[in-house]
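Q: Here you go, target.pdb (PDB, C-alpha atoms (C1' of nucleotides)):
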```pdb
ATOM      1  CA  MET W   1       0.000   0.000   0.000  1.00  0.00           C
ATOM      2  CA  LYS W   2       3.066   2.208   0.371  1.00  0.00           C
ATOM      3  CA  LYS W   3       3.086   2.897  -3.370  1.00  0.00           C
ATOM      4  CA  PHE W   4      -0.644   3.437  -3.473  1.00  0.00           C
ATOM      5  CA  PHE W   5      -0.494   6.211  -0.904  1.00  0.00           C
ATOM      6  CA  LYS W   6       2.382   7.866  -2.687  1.00  0.00           C
ATOM      7  CA  ALA W   7       0.558   7.609  -6.003  1.00  0.00           C
ATOM      8  CA  VAL W   8      -2.624   9.268  -4.792  1.00  0.00           C
ATOM      9  CA  ASP W   9      -0.830  11.981  -2.819  1.00  0.00           C
ATOM     10  CA  ASP W  10      -0.752  14.275  -5.841  1.00  0.00           C
ATOM     11  CA  ILE W  11      -3.571  16.225  -7.425  1.00  0.00           C
ATOM     12  CA  THR W  12      -2.418  15.590 -11.005  1.00  0.00           C
ATOM     13  CA  ARG W  13      -2.339  11.851 -10.464  1.00  0.00           C
ATOM     14  CA  ARG W  14      -5.735  11.863  -8.769  1.00  0.00           C
ATOM     15  CA  GLU W  15      -7.113  13.800 -11.721  1.00  0.00           C
ATOM     16  CA  ILE W  16      -5.632  11.265 -14.124  1.00  0.00           C
ATOM     17  CA  LEU W  17      -7.431   8.507 -12.231  1.00  0.00           C
ATOM     18  CA  GLU W  18     -10.662  10.500 -12.456  1.00  0.00           C
ATOM     19  CA  MET W  19     -10.241  10.841 -16.211  1.00  0.00           C
ATOM     20  CA  LEU W  20      -9.633   7.135 -16.625  1.00  0.00           C
ATOM     21  CA  LYS W  21     -12.903   6.421 -14.821  1.00  0.00           C
ATOM     22  CA  THR W  22     -14.667   7.573 -17.977  1.00  0.00           C
ATOM     23  CA  LYS W  23     -12.581   5.827 -20.610  1.00  0.00           C
ATOM     24  CA  ASP W  24      -9.197   4.405 -21.499  1.00  0.00           C
ATOM     25  CA  MET W  25      -6.870   7.057 -22.897  1.00  0.00           C
ATOM     26  CA  THR W  26      -3.527   7.372 -24.607  1.00  0.00           C
ATOM     27  CA  ALA W  27      -0.613   9.113 -22.896  1.00  0.00           C
ATOM     28  CA  GLY W  28      -1.024  11.981 -25.349  1.00  0.00           C
ATOM     29  CA  GLU W  29      -4.726  12.437 -24.648  1.00  0.00           C
ATOM     30  CA  ILE W  30      -4.050  12.466 -20.945  1.00  0.00           C
ATOM     31  CA  SER W  31      -1.221  14.921 -21.406  1.00  0.00           C
ATOM     32  CA  ASP W  32      -3.435  17.260 -23.436  1.00  0.00           C
ATOM     33  CA  ALA W  33      -5.730  17.677 -20.447  1.00  0.00           C
ATOM     34  CA  PHE W  34      -2.974  19.307 -18.403  1.00  0.00           C
ATOM     35  CA  GLN W  35      -0.736  22.349 -18.589  1.00  0.00           C
ATOM     36  CA  ILE W  36       2.175  20.125 -17.675  1.00  0.00           C
ATOM     37  CA  SER W  37       4.797  18.818 -20.111  1.00  0.00           C
ATOM     38  CA  LYS W  38       4.488  15.363 -21.640  1.00  0.00           C
ATOM     39  CA  PRO W  39       7.534  13.992 -19.832  1.00  0.00           C
ATOM     40  CA  SER W  40       6.043  15.072 -16.507  1.00  0.00           C
ATOM     41  CA  ILE W  41       2.791  13.301 -17.310  1.00  0.00           C
ATOM     42  CA  SER W  42       4.809  10.271 -18.333  1.00  0.00           C
ATOM     43  CA  TYR W  43       6.455  10.385 -14.913  1.00  0.00           C
ATOM     44  CA  HIS W  44       3.074  10.550 -13.183  1.00  0.00           C
ATOM     45  CA  LEU W  45       1.766   7.663 -15.260  1.00  0.00           C
ATOM     46  CA  ASP W  46       4.782   5.648 -14.258  1.00  0.00           C
ATOM     47  CA  LEU W  47       4.088   6.207 -10.557  1.00  0.00           C
ATOM     48  CA  LEU W  48       0.447   5.206 -11.059  1.00  0.00           C
ATOM     49  CA  LYS W  49       1.665   2.091 -12.826  1.00  0.00           C
ATOM     50  CA  GLN W  50       4.102   1.259 -10.052  1.00  0.00           C
ATOM     51  CA  ALA W  51       1.180   1.474  -7.651  1.00  0.00           C
ATOM     52  CA  ASP W  52      -0.816  -0.872  -9.917  1.00  0.00           C
ATOM     53  CA  LEU W  53      -3.513   1.747 -10.247  1.00  0.00           C
ATOM     54  CA  VAL W  54      -3.249   1.808 -14.020  1.00  0.00           C
ATOM     55  CA  ILE W  55      -2.381  -0.650 -16.732  1.00  0.00           C
ATOM     56  CA  SER W  56      -0.685   0.337 -19.970  1.00  0.00           C
ATOM     57  CA  GLU W  57      -1.001  -1.383 -23.278  1.00  0.00           C
ATOM     58  CA  LYS W  58       0.865  -0.449 -26.409  1.00  0.00           C
ATOM     59  CA  LYS W  59      -1.129  -0.361 -29.663  1.00  0.00           C
ATOM     60  CA  GLY W  60       1.028   0.716 -32.542  1.00  0.00           C
ATOM     61  CA  GLN W  61       2.653   3.974 -31.680  1.00  0.00           C
ATOM     62  CA  TYR W  62       0.121   4.738 -28.951  1.00  0.00           C
ATOM     63  CA  VAL W  63       0.129   3.636 -25.348  1.00  0.00           C
ATOM     64  CA  TYR W  64      -3.305   3.208 -23.834  1.00  0.00           C
ATOM     65  CA  TYR W  65      -3.772   3.625 -20.131  1.00  0.00           C
ATOM     66  CA  SER W  66      -6.665   2.172 -18.180  1.00  0.00           C
ATOM     67  CA  LEU W  67      -7.707   2.083 -14.565  1.00  0.00           C
ATOM     68  CA  ASN W  68      -6.918  -0.982 -12.480  1.00  0.00           C
ATOM     69  CA  THR W  69      -9.105  -1.147  -9.421  1.00  0.00           C
ATOM     70  CA  SER W  70      -7.976  -4.422  -7.904  1.00  0.00           C
ATOM     71  CA  VAL W  71      -5.570  -2.734  -5.478  1.00  0.00           C
ATOM     72  CA  LEU W  72      -8.349  -0.644  -4.007  1.00  0.00           C
ATOM     73  CA  GLU W  73      -9.676  -3.610  -2.033  1.00  0.00           C
ATOM     74  CA  ASP W  74      -6.796  -3.564   0.425  1.00  0.00           C
ATOM     75  CA  VAL W  75      -6.880   0.179   0.878  1.00  0.00           C
ATOM     76  CA  ILE W  76     -10.616   0.229   1.513  1.00  0.00           C
ATOM     77  CA  SER W  77     -10.187  -2.613   4.003  1.00  0.00           C
ATOM     78  CA  TRP W  78      -7.502  -0.686   5.838  1.00  0.00           C
ATOM     79  CA  LEU W  79      -9.651   2.416   6.021  1.00  0.00           C
ATOM     80  CA  MET W  80     -12.626   0.412   7.215  1.00  0.00           C
ATOM     81  CA  SER W  81     -10.503  -1.150   9.929  1.00  0.00           C
ATOM     82  CA  LEU W  82      -9.529   2.323  11.112  1.00  0.00           C
ATOM     83  CA  LYS W  83     -13.144   3.366  11.019  1.00  0.00           C
ATOM     84  CA  LYS W  84     -14.326   0.444  13.068  1.00  0.00           C
ATOM     85  CA  ALA W  85     -11.598   0.917  15.650  1.00  0.00           C
ATOM     86  CA  GLY W  86     -12.200   2.651  18.960  1.00  0.00           C
ATOM     87  CA  GLY W  87     -15.346   4.398  20.078  1.00  0.00           C
ATOM     88  CA  THR W  88     -14.000   7.833  19.300  1.00  0.00           C
ATOM     89  CA  GLU W  89     -15.919   8.265  16.091  1.00  0.00           C
ATOM     90  CA  ASP W  90     -16.881  11.801  15.179  1.00  0.00           C
ATOM     91  CA  LYS W  91     -15.363  13.594  18.127  1.00  0.00           C
ATOM     92  CA  GLN W  92     -15.093  17.346  17.706  1.00  0.00           C
ATOM     93  CA  LYS W  93     -12.472  19.931  18.662  1.00  0.00           C
TER      94      LYS W  93
ATOM     95  CA  MET Y   1      -9.038  15.138   0.923  1.00  0.00           C
ATOM     96  CA  LYS Y   2      -5.786  16.762  -0.145  1.00  0.00           C
ATOM     97  CA  LYS Y   3      -4.554  16.812   3.462  1.00  0.00           C
ATOM     98  CA  PHE Y   4      -5.756  13.293   4.097  1.00  0.00           C
ATOM     99  CA  PHE Y   5      -3.668  11.865   1.275  1.00  0.00           C
ATOM    100  CA  LYS Y   6      -0.625  13.783   2.405  1.00  0.00           C
ATOM    101  CA  ALA Y   7      -1.156  12.626   5.983  1.00  0.00           C
ATOM    102  CA  VAL Y   8      -1.335   8.935   5.145  1.00  0.00           C
ATOM    103  CA  ASP Y   9       1.543   9.032   2.653  1.00  0.00           C
ATOM    104  CA  ASP Y  10       4.069   8.308   5.390  1.00  0.00           C
ATOM    105  CA  ILE Y  11       4.768   5.072   7.204  1.00  0.00           C
ATOM    106  CA  THR Y  12       5.306   6.720  10.593  1.00  0.00           C
ATOM    107  CA  ARG Y  13       1.979   8.503  10.408  1.00  0.00           C
ATOM    108  CA  ARG Y  14       0.167   5.352   9.296  1.00  0.00           C
ATOM    109  CA  GLU Y  15       1.718   3.516  12.229  1.00  0.00           C
ATOM    110  CA  ILE Y  16       0.553   6.239  14.602  1.00  0.00           C
ATOM    111  CA  LEU Y  17      -2.977   5.781  13.293  1.00  0.00           C
ATOM    112  CA  GLU Y  18      -2.664   2.032  13.826  1.00  0.00           C
ATOM    113  CA  MET Y  19      -1.572   2.603  17.423  1.00  0.00           C
ATOM    114  CA  LEU Y  20      -4.485   4.905  18.090  1.00  0.00           C
ATOM    115  CA  LYS Y  21      -6.872   2.209  16.910  1.00  0.00           C
ATOM    116  CA  THR Y  22      -6.163   0.420  20.182  1.00  0.00           C
ATOM    117  CA  LYS Y  23      -6.318   3.311  22.614  1.00  0.00           C
ATOM    118  CA  ASP Y  24      -5.888   7.047  23.082  1.00  0.00           C
ATOM    119  CA  MET Y  25      -2.283   7.953  23.815  1.00  0.00           C
ATOM    120  CA  THR Y  26      -0.207  10.912  24.916  1.00  0.00           C
ATOM    121  CA  ALA Y  27       2.349  12.481  22.609  1.00  0.00           C
ATOM    122  CA  GLY Y  28       5.083  11.005  24.814  1.00  0.00           C
ATOM    123  CA  GLU Y  29       3.684   7.476  24.669  1.00  0.00           C
ATOM    124  CA  ILE Y  30       3.419   7.703  20.909  1.00  0.00           C
ATOM    125  CA  SER Y  31       6.920   9.069  20.674  1.00  0.00           C
ATOM    126  CA  ASP Y  32       8.299   6.212  22.806  1.00  0.00           C
ATOM    127  CA  ALA Y  33       7.146   3.727  20.186  1.00  0.00           C
ATOM    128  CA  PHE Y  34       9.496   5.177  17.575  1.00  0.00           C
ATOM    129  CA  GLN Y  35      13.210   5.752  17.117  1.00  0.00           C
ATOM    130  CA  ILE Y  36      12.434   9.258  15.966  1.00  0.00           C
ATOM    131  CA  SER Y  37      12.860  12.407  18.072  1.00  0.00           C
ATOM    132  CA  LYS Y  38       9.950  13.927  19.966  1.00  0.00           C
ATOM    133  CA  PRO Y  39       9.858  17.060  17.797  1.00  0.00           C
ATOM    134  CA  SER Y  40       9.582  14.917  14.686  1.00  0.00           C
ATOM    135  CA  ILE Y  41       6.681  12.974  16.171  1.00  0.00           C
ATOM    136  CA  SER Y  42       5.108  16.277  17.155  1.00  0.00           C
ATOM    137  CA  TYR Y  43       5.399  17.325  13.521  1.00  0.00           C
ATOM    138  CA  HIS Y  44       3.739  14.112  12.343  1.00  0.00           C
ATOM    139  CA  LEU Y  45       0.947  14.536  14.878  1.00  0.00           C
ATOM    140  CA  ASP Y  46       0.378  18.037  13.617  1.00  0.00           C
ATOM    141  CA  LEU Y  47      -0.041  16.804  10.036  1.00  0.00           C
ATOM    142  CA  LEU Y  48      -2.479  14.138  11.199  1.00  0.00           C
ATOM    143  CA  LYS Y  49      -4.383  16.836  13.063  1.00  0.00           C
ATOM    144  CA  GLN Y  50      -4.441  19.103  10.019  1.00  0.00           C
ATOM    145  CA  ALA Y  51      -5.979  16.216   8.111  1.00  0.00           C
ATOM    146  CA  ASP Y  52      -8.574  15.775  10.890  1.00  0.00           C
ATOM    147  CA  LEU Y  53      -7.440  12.224  11.376  1.00  0.00           C
ATOM    148  CA  VAL Y  54      -6.661  12.773  15.032  1.00  0.00           C
ATOM    149  CA  ILE Y  55      -7.984  14.960  17.805  1.00  0.00           C
ATOM    150  CA  SER Y  56      -5.827  16.282  20.620  1.00  0.00           C
ATOM    151  CA  GLU Y  57      -6.946  17.124  24.101  1.00  0.00           C
ATOM    152  CA  LYS Y  58      -4.762  18.605  26.783  1.00  0.00           C
ATOM    153  CA  LYS Y  59      -5.096  17.111  30.255  1.00  0.00           C
ATOM    154  CA  GLY Y  60      -2.684  18.780  32.644  1.00  0.00           C
ATOM    155  CA  GLN Y  61       0.770  18.584  31.204  1.00  0.00           C
ATOM    156  CA  TYR Y  62      -0.159  15.745  28.872  1.00  0.00           C
ATOM    157  CA  VAL Y  63      -1.694  15.942  25.439  1.00  0.00           C
ATOM    158  CA  TYR Y  64      -3.879  12.995  24.550  1.00  0.00           C
ATOM    159  CA  TYR Y  65      -4.330  12.030  20.935  1.00  0.00           C
ATOM    160  CA  SER Y  66      -7.227  10.007  19.628  1.00  0.00           C
ATOM    161  CA  LEU Y  67      -8.387   8.792  16.259  1.00  0.00           C
ATOM    162  CA  ASN Y  68     -11.023  10.731  14.368  1.00  0.00           C
ATOM    163  CA  THR Y  69     -12.653   8.594  11.746  1.00  0.00           C
ATOM    164  CA  SER Y  70     -15.262  10.994  10.395  1.00  0.00           C
ATOM    165  CA  VAL Y  71     -13.078  12.073   7.460  1.00  0.00           C
ATOM    166  CA  LEU Y  72     -12.752   8.509   6.254  1.00  0.00           C
ATOM    167  CA  GLU Y  73     -16.254   8.551   4.807  1.00  0.00           C
ATOM    168  CA  ASP Y  74     -15.305  10.826   1.937  1.00  0.00           C
ATOM    169  CA  VAL Y  75     -12.141   8.941   1.139  1.00  0.00           C
ATOM    170  CA  ILE Y  76     -13.881   5.579   1.113  1.00  0.00           C
ATOM    171  CA  SER Y  77     -16.577   7.052  -1.143  1.00  0.00           C
ATOM    172  CA  TRP Y  78     -13.973   8.321  -3.548  1.00  0.00           C
ATOM    173  CA  LEU Y  79     -12.247   4.945  -3.679  1.00  0.00           C
ATOM    174  CA  MET Y  80     -15.556   3.170  -4.191  1.00  0.00           C
ATOM    175  CA  SER Y  81     -16.389   5.511  -7.055  1.00  0.00           C
ATOM    176  CA  LEU Y  82     -13.081   4.609  -8.701  1.00  0.00           C
ATOM    177  CA  LYS Y  83     -13.787   0.959  -8.127  1.00  0.00           C
ATOM    178  CA  LYS Y  84     -17.208   1.084  -9.664  1.00  0.00           C
ATOM    179  CA  ALA Y  85     -15.980   3.009 -12.685  1.00  0.00           C
ATOM    180  CA  GLY Y  86     -15.237   1.319 -15.980  1.00  0.00           C
ATOM    181  CA  GLY Y  87     -15.299  -2.373 -16.726  1.00  0.00           C
ATOM    182  CA  THR Y  88     -11.555  -2.726 -16.458  1.00  0.00           C
ATOM    183  CA  GLU Y  89     -11.520  -4.328 -13.060  1.00  0.00           C
ATOM    184  CA  ASP Y  90      -8.694  -6.738 -12.377  1.00  0.00           C
ATOM    185  CA  LYS Y  91      -6.941  -6.512 -15.689  1.00  0.00           C
ATOM    186  CA  GLN Y  92      -3.473  -8.016 -15.734  1.00  0.00           C
ATOM    187  CA  LYS Y  93      -0.179  -7.040 -17.359  1.00  0.00           C
TER     188      LYS Y  93
ATOM    189  C1'  DT E   1       9.210  29.326  44.072  1.00  0.00           C
ATOM    190  C1'  DA E   2      12.660  26.368  41.892  1.00  0.00           C
ATOM    191  C1'  DA E   3      13.258  22.129  39.496  1.00  0.00           C
ATOM    192  C1'  DA E   4      11.450  18.485  36.776  1.00  0.00           C
ATOM    193  C1'  DT E   5       8.540  16.747  33.146  1.00  0.00           C
ATOM    194  C1'  DA E   6       5.730  17.025  28.743  1.00  0.00           C
ATOM    195  C1'  DT E   7       5.193  19.065  24.604  1.00  0.00           C
ATOM    196  C1'  DT E   8       5.758  22.264  20.901  1.00  0.00           C
ATOM    197  C1'  DT E   9       8.227  25.872  18.195  1.00  0.00           C
ATOM    198  C1'  DA E  10      12.289  27.615  15.652  1.00  0.00           C
ATOM    199  C1'  DG E  11      15.843  27.137  12.599  1.00  0.00           C
ATOM    200  C1'  DA E  12      18.888  24.280   9.872  1.00  0.00           C
ATOM    201  C1'  DT E  13      19.753  20.492   6.615  1.00  0.00           C
ATOM    202  C1'  DA E  14      19.714  16.234   3.763  1.00  0.00           C
ATOM    203  C1'  DA E  15      16.635  13.620   0.970  1.00  0.00           C
ATOM    204  C1'  DT E  16      12.799  13.343  -2.032  1.00  0.00           C
ATOM    205  C1'  DT E  17       9.770  15.011  -5.510  1.00  0.00           C
ATOM    206  C1'  DA E  18       7.649  17.431  -9.533  1.00  0.00           C
ATOM    207  C1'  DT E  19       8.959  19.875 -13.056  1.00  0.00           C
ATOM    208  C1'  DC E  20      11.528  21.355 -17.191  1.00  0.00           C
ATOM    209  C1'  DT E  21      14.311  20.881 -21.799  1.00  0.00           C
ATOM    210  C1'  DA E  22      16.902  17.929 -24.765  1.00  0.00           C
ATOM    211  C1'  DA E  23      17.698  13.497 -26.456  1.00  0.00           C
ATOM    212  C1'  DT E  24      16.269   8.812 -27.489  1.00  0.00           C
ATOM    213  C1'  DT E  25      13.280   4.998 -29.028  1.00  0.00           C
ATOM    214  C1'  DA E  26       9.544   3.054 -31.541  1.00  0.00           C
ATOM    215  C1'  DT E  27       6.088   3.188 -34.945  1.00  0.00           C
ATOM    216  C1'  DA E  28       3.629   4.883 -39.022  1.00  0.00           C
ATOM    217  C1'  DT E  29       3.445   7.193 -43.389  1.00  0.00           C
ATOM    218  C1'  DA E  30       4.830  10.003 -47.538  1.00  0.00           C
TER     219       DA E  30
ATOM    220  C1'  DT A   1      13.960   5.159 -46.796  1.00  0.00           C
ATOM    221  C1'  DA A   2      13.406   9.667 -44.825  1.00  0.00           C
ATOM    222  C1'  DT A   3      10.240  12.230 -42.066  1.00  0.00           C
ATOM    223  C1'  DA A   4       6.649  12.847 -38.825  1.00  0.00           C
ATOM    224  C1'  DT A   5       4.329  11.457 -34.647  1.00  0.00           C
ATOM    225  C1'  DA A   6       3.942   9.295 -29.877  1.00  0.00           C
ATOM    226  C1'  DA A   7       6.020   8.315 -25.893  1.00  0.00           C
ATOM    227  C1'  DT A   8       9.771   7.658 -22.674  1.00  0.00           C
ATOM    228  C1'  DT A   9      14.457   8.389 -20.713  1.00  0.00           C
ATOM    229  C1'  DA A  10      18.238  11.389 -19.074  1.00  0.00           C
ATOM    230  C1'  DG A  11      19.915  15.037 -16.613  1.00  0.00           C
ATOM    231  C1'  DA A  12      19.232  19.303 -14.165  1.00  0.00           C
ATOM    232  C1'  DT A  13      16.811  22.175 -10.746  1.00  0.00           C
ATOM    233  C1'  DA A  14      13.531  24.429  -7.515  1.00  0.00           C
ATOM    234  C1'  DA A  15      10.287  23.247  -4.021  1.00  0.00           C
ATOM    235  C1'  DT A  16       8.794  20.299  -0.438  1.00  0.00           C
ATOM    236  C1'  DT A  17       9.433  17.185   3.301  1.00  0.00           C
ATOM    237  C1'  DA A  18      11.234  14.569   7.346  1.00  0.00           C
ATOM    238  C1'  DT A  19      14.531  14.886  10.361  1.00  0.00           C
ATOM    239  C1'  DC A  20      17.663  16.841  13.845  1.00  0.00           C
ATOM    240  C1'  DT A  21      19.275  19.940  17.978  1.00  0.00           C
ATOM    241  C1'  DA A  22      18.343  23.855  20.797  1.00  0.00           C
ATOM    242  C1'  DA A  23      15.108  26.815  22.813  1.00  0.00           C
ATOM    243  C1'  DA A  24      10.590  28.044  24.532  1.00  0.00           C
ATOM    244  C1'  DT A  25       6.135  27.186  26.888  1.00  0.00           C
ATOM    245  C1'  DA A  26       3.122  24.985  30.084  1.00  0.00           C
ATOM    246  C1'  DT A  27       2.251  22.231  33.989  1.00  0.00           C
ATOM    247  C1'  DT A  28       3.263  19.638  38.134  1.00  0.00           C
ATOM    248  C1'  DT A  29       5.776  18.696  42.278  1.00  0.00           C
ATOM    249  C1'  DA A  30       9.417  19.133  45.940  1.00  0.00           C
TER     250       DA A  30
END
```
Can the structure in the file be given as structure tokens, please?
A:
Amino acid sequence: MKKFFKAVDDITRREILEMLKTKDMTAGEISDAFQISKPSISYHLDLLKQADLVISEKKGQYVYYSLNTSVLEDVISWLMSLKKAGGTEDKQK
Amino acid sequence: MKKFFKAVDDITRREILEMLKTKDMTAGEISDAFQISKPSISYHLDLLKQADLVISEKKGQYVYYSLNTSVLEDVISWLMSLKKAGGTEDKQK
DNA sequence: TAAATATTTAGATAATTATCTAATTATATA
DNA sequence: TATATAATTAGATAATTATCTAAATATTTA
């Protein structure tokens, strides 16, 4: 989960995940949605891949990225386990 | 959620959350569980507080920290929305 | 009230990260 | 086959982060 938390601790990467919710996209299409350079987007995609949050598939000269949700199970479980813990739910101040 | 993701993107802070699952603890007790200096733990506790993941309450000279799980709702919802998206669940390679 | 204990704040620093431009690799097309 | 297009890799850099020691603040106790 180490890599997951790193991957999602960045607004650009979270936005990429949001975009991939809708449809699979090429690196170029993803890049076009941001003001950031292509190499930077490539770097972000690599971190998402390392975290197993996306899958890449090369088709000709294009590389298609798609969401991989299997890793989310563990994270959700961890968060639920935190939620269930203790009786201190919803304390204020 | 920005602050949440930052807060949990650190092994020390995730371990602090784990510890607080069991019971409320003072800053000193938390600090004793790590090899890290007290000021560093204080810094981590502050980030957790900024993310609303913990609550602190001063009792005499001690400061007790406890888990606050209310923020987890939003995060879990976001992860579920990713999970439900697309039909690309569990792709390999 | 002076000393001890608990915690945080301040200031400095090494490591990590997100970004850029330039160069490289791979594929498609004229 | 030469050129254009898509994407990544390499190398550099500014910003951010986690850590430290020293100092400050707050509280308790002798």
Q: Based on all atoms listed in the file, which of the residues in chain Y come within 9 Å of chain W? I want them as a PDB file with C-alpha atoms, in the frame of the given file.
A:
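Output below, filename out.pdb:
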```pdb
ATOM      1  CA  LYS Y   2      -5.786  16.762  -0.145  1.00  0.00           C
ATOM      2  CA  LYS Y   3      -4.554  16.812   3.462  1.00  0.00           C
ATOM      3  CA  PHE Y   4      -5.756  13.293   4.097  1.00  0.00           C
ATOM      4  CA  PHE Y   5      -3.668  11.865   1.275  1.00  0.00           C
ATOM      5  CA  LYS Y   6      -0.625  13.783   2.405  1.00  0.00           C
ATOM      6  CA  ALA Y   7      -1.156  12.626   5.983  1.00  0.00           C
ATOM      7  CA  VAL Y   8      -1.335   8.935   5.145  1.00  0.00           C
ATOM      8  CA  ASP Y   9       1.543   9.032   2.653  1.00  0.00           C
ATOM      9  CA  ASP Y  10       4.069   8.308   5.390  1.00  0.00           C
ATOM     10  CA  ILE Y  11       4.768   5.072   7.204  1.00  0.00           C
ATOM     11  CA  LEU Y  17      -2.977   5.781  13.293  1.00  0.00           C
ATOM     12  CA  GLU Y  18      -2.664   2.032  13.826  1.00  0.00           C
ATOM     13  CA  LEU Y  20      -4.485   4.905  18.090  1.00  0.00           C
ATOM     14  CA  LYS Y  21      -6.872   2.209  16.910  1.00  0.00           C
ATOM     15  CA  THR Y  22      -6.163   0.420  20.182  1.00  0.00           C
ATOM     16  CA  LYS Y  23      -6.318   3.311  22.614  1.00  0.00           C
ATOM     17  CA  ASP Y  24      -5.888   7.047  23.082  1.00  0.00           C
ATOM     18  CA  ILE Y  55      -7.984  14.960  17.805  1.00  0.00           C
ATOM     19  CA  SER Y  56      -5.827  16.282  20.620  1.00  0.00           C
ATOM     20  CA  GLU Y  57      -6.946  17.124  24.101  1.00  0.00           C
ATOM     21  CA  SER Y  66      -7.227  10.007  19.628  1.00  0.00           C
ATOM     22  CA  LEU Y  67      -8.387   8.792  16.259  1.00  0.00           C
ATOM     23  CA  ASN Y  68     -11.023  10.731  14.368  1.00  0.00           C
ATOM     24  CA  THR Y  69     -12.653   8.594  11.746  1.00  0.00           C
ATOM     25  CA  SER Y  70     -15.262  10.994  10.395  1.00  0.00           C
ATOM     26  CA  VAL Y  71     -13.078  12.073   7.460  1.00  0.00           C
ATOM     27  CA  LEU Y  72     -12.752   8.509   6.254  1.00  0.00           C
ATOM     28  CA  GLU Y  73     -16.254   8.551   4.807  1.00  0.00           C
ATOM     29  CA  VAL Y  75     -12.141   8.941   1.139  1.00  0.00           C
ATOM     30  CA  ILE Y  76     -13.881   5.579   1.113  1.00  0.00           C
ATOM     31  CA  LEU Y  79     -12.247   4.945  -3.679  1.00  0.00           C
ATOM     32  CA  MET Y  80     -15.556   3.170  -4.191  1.00  0.00           C
ATOM     33  CA  SER Y  81     -16.389   5.511  -7.055  1.00  0.00           C
ATOM     34  CA  LEU Y  82     -13.081   4.609  -8.701  1.00  0.00           C
ATOM     35  CA  LYS Y  83     -13.787   0.959  -8.127  1.00  0.00           C
ATOM     36  CA  LYS Y  84     -17.208   1.084  -9.664  1.00  0.00           C
ATOM     37  CA  ALA Y  85     -15.980   3.009 -12.685  1.00  0.00           C
ATOM     38  CA  GLY Y  86     -15.237   1.319 -15.980  1.00  0.00           C
ATOM     39  CA  THR Y  88     -11.555  -2.726 -16.458  1.00  0.00           C
ATOM     40  CA  GLU Y  89     -11.520  -4.328 -13.060  1.00  0.00           C
ATOM     41  CA  ASP Y  90      -8.694  -6.738 -12.377  1.00  0.00           C
ATOM     42  CA  LYS Y  91      -6.941  -6.512 -15.689  1.00  0.00           C
ATOM     43  CA  GLN Y  92      -3.473  -8.016 -15.734  1.00  0.00           C
ATOM     44  CA  LYS Y  93      -0.179  -7.040 -17.359  1.00  0.00           C
TER      45      LYS Y  93
END
```
Q: Between C1' of DA30 in chain A and C1' of DT5 in chain E, what is the distance, to one decimal in Å?
A: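 The value is 13.0 Å.
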Q: May I have the residues within 10 Å of DA4 in chain A as a short mmCIF file (atom, residue, chain, number, x, y, z; two decimals) with C-alpha atoms (C1' of nucleotides), keeping the file's coordinate frame, using all atoms listed in the file and disregarding those fewer than 4 positions away in the same chain?
A:
```cif
data_model
loop_
_atom_site.label_atom_id
_atom_site.label_comp_id
_atom_site.auth_asym_id
_atom_site.auth_seq_id
_atom_site.Cartn_x
_atom_site.Cartn_y
_atom_site.Cartn_z
"C1'" DA E 28 3.63 4.88 -39.02
"C1'" DT E 29 3.44 7.19 -43.39
"C1'" DA E 30 4.83 10.00 -47.54
#
```
Q: To one decimal in Å, tell me the separation between CA of Arg13 in chain W and CA of His44 in chain W.
A: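 According to the coordinates, CA of Arg13 in chain W and CA of His44 in chain W are separated by 6.2 Å.
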Q: Assuming the chain letters and numbering stay as they are in my file, what does the PyMOL selection byres ((chain W) within 9 of (chain A)) actually select? List them as a list of chain:residue names.
A: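 Output of the PyMOL selection byres ((chain W) within 9 of (chain A)): W:Ala27, W:Gly28, W:Lys38, W:Pro39, W:Ser42, W:Tyr43, W:Gln61, W:Tyr62, W:Val63.
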Q: Please return range 35-43 of chain Y, rebuilt to N, CA and C atoms, as a PDB file, keeping the file's coordinate frame.
A:
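Okay, result_30.pdb is ready:
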```
ATOM      1  N   GLN Y  35      11.797   5.394  16.961  1.00  0.00           N
ATOM      2  CA  GLN Y  35      13.210   5.752  17.117  1.00  0.00           C
ATOM      3  C   GLN Y  35      13.441   7.225  16.792  1.00  0.00           C
ATOM      4  N   ILE Y  36      12.379   7.884  16.457  1.00  0.00           N
ATOM      5  CA  ILE Y  36      12.434   9.258  15.966  1.00  0.00           C
ATOM      6  C   ILE Y  36      12.328  10.224  17.145  1.00  0.00           C
ATOM      7  N   SER Y  37      12.900  11.398  16.994  1.00  0.00           N
ATOM      8  CA  SER Y  37      12.860  12.407  18.072  1.00  0.00           C
ATOM      9  C   SER Y  37      11.444  12.893  18.365  1.00  0.00           C
ATOM     10  N   LYS Y  38      11.265  13.403  19.579  1.00  0.00           N
ATOM     11  CA  LYS Y  38       9.950  13.927  19.966  1.00  0.00           C
ATOM     12  C   LYS Y  38       9.474  15.056  19.040  1.00  0.00           C
ATOM     13  N   PRO Y  39      10.324  16.011  18.712  1.00  0.00           N
ATOM     14  CA  PRO Y  39       9.858  17.060  17.797  1.00  0.00           C
ATOM     15  C   PRO Y  39       9.370  16.512  16.454  1.00  0.00           C
ATOM     16  N   SER Y  40      10.032  15.487  15.960  1.00  0.00           N
ATOM     17  CA  SER Y  40       9.582  14.917  14.686  1.00  0.00           C
ATOM     18  C   SER Y  40       8.205  14.280  14.838  1.00  0.00           C
ATOM     19  N   ILE Y  41       8.003  13.574  15.937  1.00  0.00           N
ATOM     20  CA  ILE Y  41       6.681  12.974  16.171  1.00  0.00           C
ATOM     21  C   ILE Y  41       5.629  14.077  16.321  1.00  0.00           C
ATOM     22  N   SER Y  42       6.017  15.147  16.988  1.00  0.00           N
ATOM     23  CA  SER Y  42       5.108  16.277  17.155  1.00  0.00           C
ATOM     24  C   SER Y  42       4.688  16.826  15.782  1.00  0.00           C
ATOM     25  N   TYR Y  43       5.656  16.876  14.896  1.00  0.00           N
ATOM     26  CA  TYR Y  43       5.399  17.325  13.521  1.00  0.00           C
ATOM     27  C   TYR Y  43       4.421  16.378  12.813  1.00  0.00           C
TER      28      TYR Y  43
END
```
